[in-house]
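Written out below as structure tokens is the structure these notes cover.
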Amino acid sequence: MQLILWFCLGILFTLMVQGFAYLSLKVTLKWWVWGASFIAAVTILFGLAWASASFEEGVAQSGALALIFFCGSGVLLLIWLWRVFVKPQLNTD
Amino acid sequence: MNNEHEEISLEELENPNRRNFIKRTAIGGGAALAVGFGAYGAGKASVEGRVDENWPILADDFKPMDQKNTIWSYALSPHLMMKYPERNEQFGRLHKDNPKYNFQVQVTTFESKGWDNNKPGFTQLDNALQHASWLPPYMPELRVGAAGQPQTQFFSWDQSGVEKEQYQFTSKKQASDAIRSAARLFGAVRCGIAKHDSRWDYHPIFDSGITGEVMGAMSSMPKPDLSQPGAIEGFHSQLKVMMPQMVQQMGVESKDLTWEDDFPFKPKSVIVMAVPMDYDNMATAPSKCSTATVGDGYTKMATLASSIAKFIQGLGYQAVASGNDLGNSVAYGIAAGLGEGGRNNQLLVPGYGPRVRLCKVYTDFDFVEHDQPHNWGITDFCKSCKKCGEACPSDAIDMSDDTHFYFEGEHKDEPGYAWSNHQGVKKFHTDAKKCFDYWLESDTDCAACAAACTFNEPDFWHHWFIMAINPISPRFLHAAMAELHPAFGYGSTNNPEKVKKFWKTGEGMRVNMQNKSVFGSSNIT
């Protein structure tokens with residue numbers, strides 16, 4: 001089952017890279033914003049992988065906390081970066 | 001139409017946005033993958049461990065342990081009871097508020113106190129599993145072997161099966177790989193080959209004279225209903241008088257055995273193997289339910305070690321299988337590079353923690369690649385994490401902040417109190433007597449320290465990730481990780497929910513899509 005998890009994560013990772021590549025054509029961001037965005041996205045993937053493994057091993061508490069802390073913090077960071085740095089540029093376009 | 005289509009395709013190919021998109025995807029993805037592969041390589045190297053040239057650190061007065069001084073030998077032997085009555089008296093006076101307390105008579109009623117269907121983990125269901133886990137026809141033999149008695153049926157010294165012709169391996173690596181392959185086939189999850197080191201052997205080896213037959217006879221003595229109040233105490237008082245007479249009648253004689261005069265050959269290598277215990281079953285500790293994976297471990301130790309000894313003999317070399325007898329399995333496990341010594345005095349193996357049982361094979365075959373002690377930062381982690389000690393129901397675990405050479409627990413100043421500890425090794429020192437007493441009292445093998453250990457994890461990637469970053473983590477992070485372990489739902493003890501969970505682990509076993517096994521989880525990595 002873990003192999004299916006890694007396959008799914010591979011697809012998500014590919015989509016993430018393509019999303020960043022597409023965004024790079026649309027907006028111009030400072031290097032640290034790109035870095036923070038990448039960290040946020042990887043944190044979300046990390047949380048998904050952790051949570052999936054935890055649910056699979058039957059420790060739901062660990063899975064829930066992974067979704068809250070890892071995925072949650074990644075999503076919050078991504079939303080903040082989007083609102084502050086990305087969205088204004090898209091609106092001006 | 002065709003020309004128009006070709007023109008569009010050409011235009012699309014020349015579209016700078018599309019080309020940039022593909023270029024950036026390739027560069028970004030490639031860079032991310034390179035970082036990912038680098039991190040994977042670093043993590044893999046980390047879980048391989050670093051060679052530890054500093055192990056062991058010994059005091060000047062260190063000497064190999066006399067097997068008579070282990071709690072197992074003492075508790076098993078009526079002769080030692082008669083020779084050292086003060087050991088029973090001292091422990092009884094200091095811990096049981098009963099100077100007449102006696103380990104030996106307790107052993108005869110161990111795991112025979114029945115069940116309580118209102119207590120999760122102690123029901124008839126759990127009791128039946130507990131007793132089924134020790135290979136039933138050989139249970140007394142396995143029990144005696146588990147207590148360190150040498151020359152039992154599975155851990156025999158007999159060398160009559162050694163082939164006259166010796167198989168010649170082309171290289172040391174080929175020989176080591178062959179031994180490890182055989183060990184894996186017969187059920188080992190770890191196998192290391194240490195050089196024989198007499199510091200970790202028992203000197204002398206103690207033969208209590210108790211055989212499987214004697215143990216069986218003592219265990220099958222007619223007992224009163226032990227679940228009734230006061231019945232056990234009455235039976236024990238009766239046994240205390242009867243035991244010396246019984247020993248005399250059955251001709252039980254104890255003796256010391258030496259490596260030079262009694263052991264069949266001079267060992268050169270010790271093959272150390274770990275068999276796994278089930279994660280979900282261990283999680284029910286301390287209970288009769290969790291005792292099942294311990295018994296099952298002893299059964300597997302016996303079949304694995306005896307099979308490997310037979311394999312080595314078939315190659316034309318001398319070999320003796322060993323469980324808890326002959327020498328210190330934890331020390332040999334460290335020497336063979338399988339893990340590090342933990343706060344609970346058990347071998348902590350990366351990926352399993354203490355959730356393994358160890359067995360070994362002594363052999364005169366030395367054309368092998370010998371393993372070396374390795375370091376994963378495990379003992380360092382134990383210095384910050386005290387979860388095993390907090391879970392211990394008998395306060396037997398050393399709660400010191402650092403490793404040390406001598407027993408420093410309760411009653412350390414009482415003369416001769418620390419007789420069951422191997423003094424002079426820089427490690428944590430548990431109180432084995434308190435620990436074993438709780439086993440007798442609870443009618444289980446306890447294992448709370450193993451279940452609570454932060455390194456006791458199922459076989460999933462995120463636990464390996466934590467293992468990989470452990471050596472480079474600062475100490476304050478170790479403390480945080482130790483706290484997060486229970487917060488994330490791992491390592492609880494005395495938890496009825498875990499008993500319920502265990503009894504559902506058989507669900508879906510017809511297809512078993514997760515390949516559930518004794519790993520307690522999927523073993524596809």
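Following the order of the structure tokens, first chain is A, next is B, and so on, with residues numbered from 1 inside each chain and ligands from 1 in the order they appear.
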
**Asked** What are the residues of chain B that have an atom within 6 Å of an atom of chain A, counting only C-alpha atoms, as a PyMOL selection string?
**Response** chain B and resi 21+24-25+29+488-489+514+521

**Message:** Residues within 9 Å of region 117-131 of chain B, please, as number ranges by chain. Count only C-alpha atoms; anything in the same chain fewer than 4 positions from it doesn't count.
**Reply:** B: 111, 135-136, 139, 284-296, 444, 494-497, 499-500

**Prompt:** So how far away is CA of Ser269 (chain B) from CA of Thr363 (chain B), in Å?
**Reply:**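 Straight-line distance from CA of Thr363 (chain B) to CA of Ser269 (chain B) works out to 5.5 Å.
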
**Message:** I'd like the neighbourhood of region 77-87 of chain A as a list in words, where a residue qualifies if any of its atoms comes within 7 Å (using only C-alpha atoms), though same-chain residues fewer than 3 positions away should be ignored.
**Reply:** Val27, Ser37, Ala40, Ser73, Gly74, Leu90 and Asn91 of chain A

**Message:** Env of Cys435 (chain B): 10 Å cut, atoms = only C-alpha atoms, seq-sep filter 3 positions within chain, self excluded. Answer as number ranges by chain.
**Reply:** B: 71, 392-397, 430-432, 438-440, 445-447

Output N, CA, C and O atoms of each residue in that selection to a file, as a compact mmCIF listing (two decimals), in the first residue's frame.
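Result file is part_26.txt:
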# COMPACT_ATOMS: atom_id res chain seq x y z
N ILE B 71 19.48 -12.54 37.74
CA ILE B 71 18.22 -12.78 38.44
C ILE B 71 17.58 -14.08 37.96
O ILE B 71 16.96 -14.83 38.72
N CYS B 392 7.34 2.29 33.48
CA CYS B 392 7.68 1.09 34.24
C CYS B 392 6.83 0.98 35.52
O CYS B 392 6.89 1.86 36.38
N PRO B 393 6.03 -0.07 35.65
CA PRO B 393 5.16 -0.17 36.83
C PRO B 393 5.91 -0.50 38.12
O PRO B 393 5.35 -0.39 39.20
N SER B 394 7.17 -0.92 38.01
CA SER B 394 7.90 -1.32 39.22
C SER B 394 9.05 -0.36 39.55
O SER B 394 9.88 -0.67 40.41
N ASP B 395 9.12 0.76 38.88
CA ASP B 395 10.21 1.73 39.11
C ASP B 395 11.58 1.06 39.04
O ASP B 395 12.48 1.38 39.82
N ALA B 396 11.72 0.13 38.12
CA ALA B 396 12.99 -0.62 38.04
C ALA B 396 14.00 0.05 37.13
O ALA B 396 15.16 -0.32 37.12
N ILE B 397 13.55 1.04 36.37
CA ILE B 397 14.44 1.60 35.34
C ILE B 397 15.22 2.81 35.84
O ILE B 397 14.69 3.66 36.56
N THR B 430 19.48 -1.07 35.30
CA THR B 430 18.14 -1.25 35.86
C THR B 430 18.21 -2.15 37.10
O THR B 430 19.21 -2.81 37.34
N ASP B 431 17.11 -2.17 37.84
CA ASP B 431 17.01 -3.07 38.98
C ASP B 431 16.24 -4.30 38.51
O ASP B 431 15.01 -4.33 38.51
N ALA B 432 17.00 -5.32 38.09
CA ALA B 432 16.38 -6.51 37.47
C ALA B 432 15.47 -7.25 38.45
O ALA B 432 14.51 -7.89 38.04
N TYR B 438 7.76 -7.79 39.38
CA TYR B 438 6.48 -7.34 38.82
C TYR B 438 5.91 -8.38 37.85
O TYR B 438 4.70 -8.56 37.76
N TRP B 439 6.81 -9.05 37.13
CA TRP B 439 6.34 -10.12 36.24
C TRP B 439 5.57 -11.17 37.04
O TRP B 439 4.50 -11.60 36.65
N LEU B 440 6.19 -11.56 38.15
CA LEU B 440 5.60 -12.61 38.98
C LEU B 440 4.26 -12.14 39.55
O LEU B 440 3.29 -12.88 39.60
N ASP B 445 4.79 -10.93 31.24
CA ASP B 445 6.20 -10.54 31.00
C ASP B 445 6.34 -9.02 30.94
O ASP B 445 7.35 -8.51 30.45
N CYS B 446 5.34 -8.31 31.38
CA CYS B 446 5.29 -6.85 31.46
C CYS B 446 5.54 -6.20 30.09
O CYS B 446 4.61 -5.95 29.36
N ALA B 447 6.80 -5.87 29.78
CA ALA B 447 7.17 -5.24 28.50
C ALA B 447 6.65 -3.81 28.35
O ALA B 447 6.64 -3.27 27.25

**Message:** Please compute the CA of Val275 (chain B)-CA of Asn345 (chain B) distance, one decimal, in Å.
**Reply:**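 Those two atoms sit 17.7 Å apart.
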
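Of the residues in region 164-193 of chain B, those given helix (DSSP H, G or I) by DSSP on the backbone are Lys172, Lys173, Gln174, Ala175, Ser176, Asp177, Ala178, Ile179, Arg180, Ser181, Ala182, Ala183, Arg184 and Leu185 of chain B.
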
**Item:** Contacts of Lys172 (chain B) within 8 Å, only C-alpha atoms, excl. fewer than 4 positions in-chain, as number ranges by chain
**Value:** B: 176, 367-369

Selected residues written out, N, CA, C and O atoms, as a CSV table (one decimal), in the first residue's frame:
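Output contents, as saved in out.csv:
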chain,number,residue,atom,x,y,z
B,176,SER,N,29.8,-14.6,4.9
B,176,SER,CA,28.9,-13.7,5.7
B,176,SER,C,27.5,-13.6,5.1
B,176,SER,O,26.5,-13.8,5.8
B,367,PHE,N,36.0,-17.5,9.1
B,367,PHE,CA,36.3,-16.9,7.8
B,367,PHE,C,35.1,-16.1,7.3
B,367,PHE,O,34.4,-16.4,6.4
B,368,VAL,N,34.9,-15.0,8.1
B,368,VAL,CA,33.7,-14.1,7.8
B,368,VAL,C,34.1,-12.7,8.0
B,368,VAL,O,35.2,-12.4,8.6
B,369,GLU,N,33.3,-11.8,7.5
B,369,GLU,CA,33.5,-10.3,7.7
B,369,GLU,C,32.8,-10.0,9.0
B,369,GLU,O,31.6,-10.0,9.2

Close residues, Ala331 (chain B) itself excluded, 9 Å, only C-alpha atoms, min 6 positions apart in chain, as a CSV table (one decimal) with all heavy atoms, in the first residue's frame:
chain,number,residue,atom,x,y,z
B,56,PRO,N,33.2,-0.7,24.0
B,56,PRO,CA,32.5,-0.3,25.3
B,56,PRO,C,33.5,0.5,26.1
B,56,PRO,O,34.7,0.5,26.0
B,56,PRO,CB,32.3,-1.6,26.0
B,56,PRO,CG,33.5,-2.5,25.5
B,56,PRO,CD,33.8,-2.0,24.1
B,200,TRP,N,31.9,-10.7,27.4
B,200,TRP,CA,30.5,-10.7,27.4
B,200,TRP,C,29.9,-12.1,27.7
B,200,TRP,O,28.7,-12.3,27.7
B,200,TRP,CB,29.9,-10.2,26.1
B,200,TRP,CG,30.5,-8.9,25.6
B,200,TRP,CD1,31.1,-8.6,24.4
B,200,TRP,CD2,30.7,-7.7,26.4
B,200,TRP,NE1,31.6,-7.3,24.4
B,200,TRP,CE2,31.3,-6.8,25.6
B,200,TRP,CE3,30.3,-7.4,27.7
B,200,TRP,CZ2,31.6,-5.5,26.1
B,200,TRP,CZ3,30.6,-6.1,28.2
B,200,TRP,CH2,31.3,-5.2,27.4
B,340,GLU,N,22.0,-0.2,19.7
B,340,GLU,CA,22.7,0.4,20.9
B,340,GLU,C,22.0,0.1,22.2
B,340,GLU,O,20.8,-0.3,22.1
B,340,GLU,CB,22.7,1.9,20.7
B,340,GLU,CG,23.7,2.5,19.7
B,340,GLU,CD,23.7,4.0,19.7
B,340,GLU,OE1,24.1,4.6,20.7
B,340,GLU,OE2,23.3,4.6,18.7
B,341,GLY,N,22.7,0.2,23.3
B,341,GLY,CA,22.1,-0.1,24.6
B,341,GLY,C,21.1,1.0,25.0
B,341,GLY,O,21.5,2.2,24.9
B,347,LEU,N,18.6,-4.0,24.0
B,347,LEU,CA,19.2,-3.6,22.7
B,347,LEU,C,18.1,-2.8,21.9
B,347,LEU,O,17.0,-3.3,21.7
B,347,LEU,CB,19.7,-4.8,21.9
B,347,LEU,CG,20.4,-4.4,20.6
B,347,LEU,CD1,21.8,-3.9,20.9
B,347,LEU,CD2,20.5,-5.6,19.7
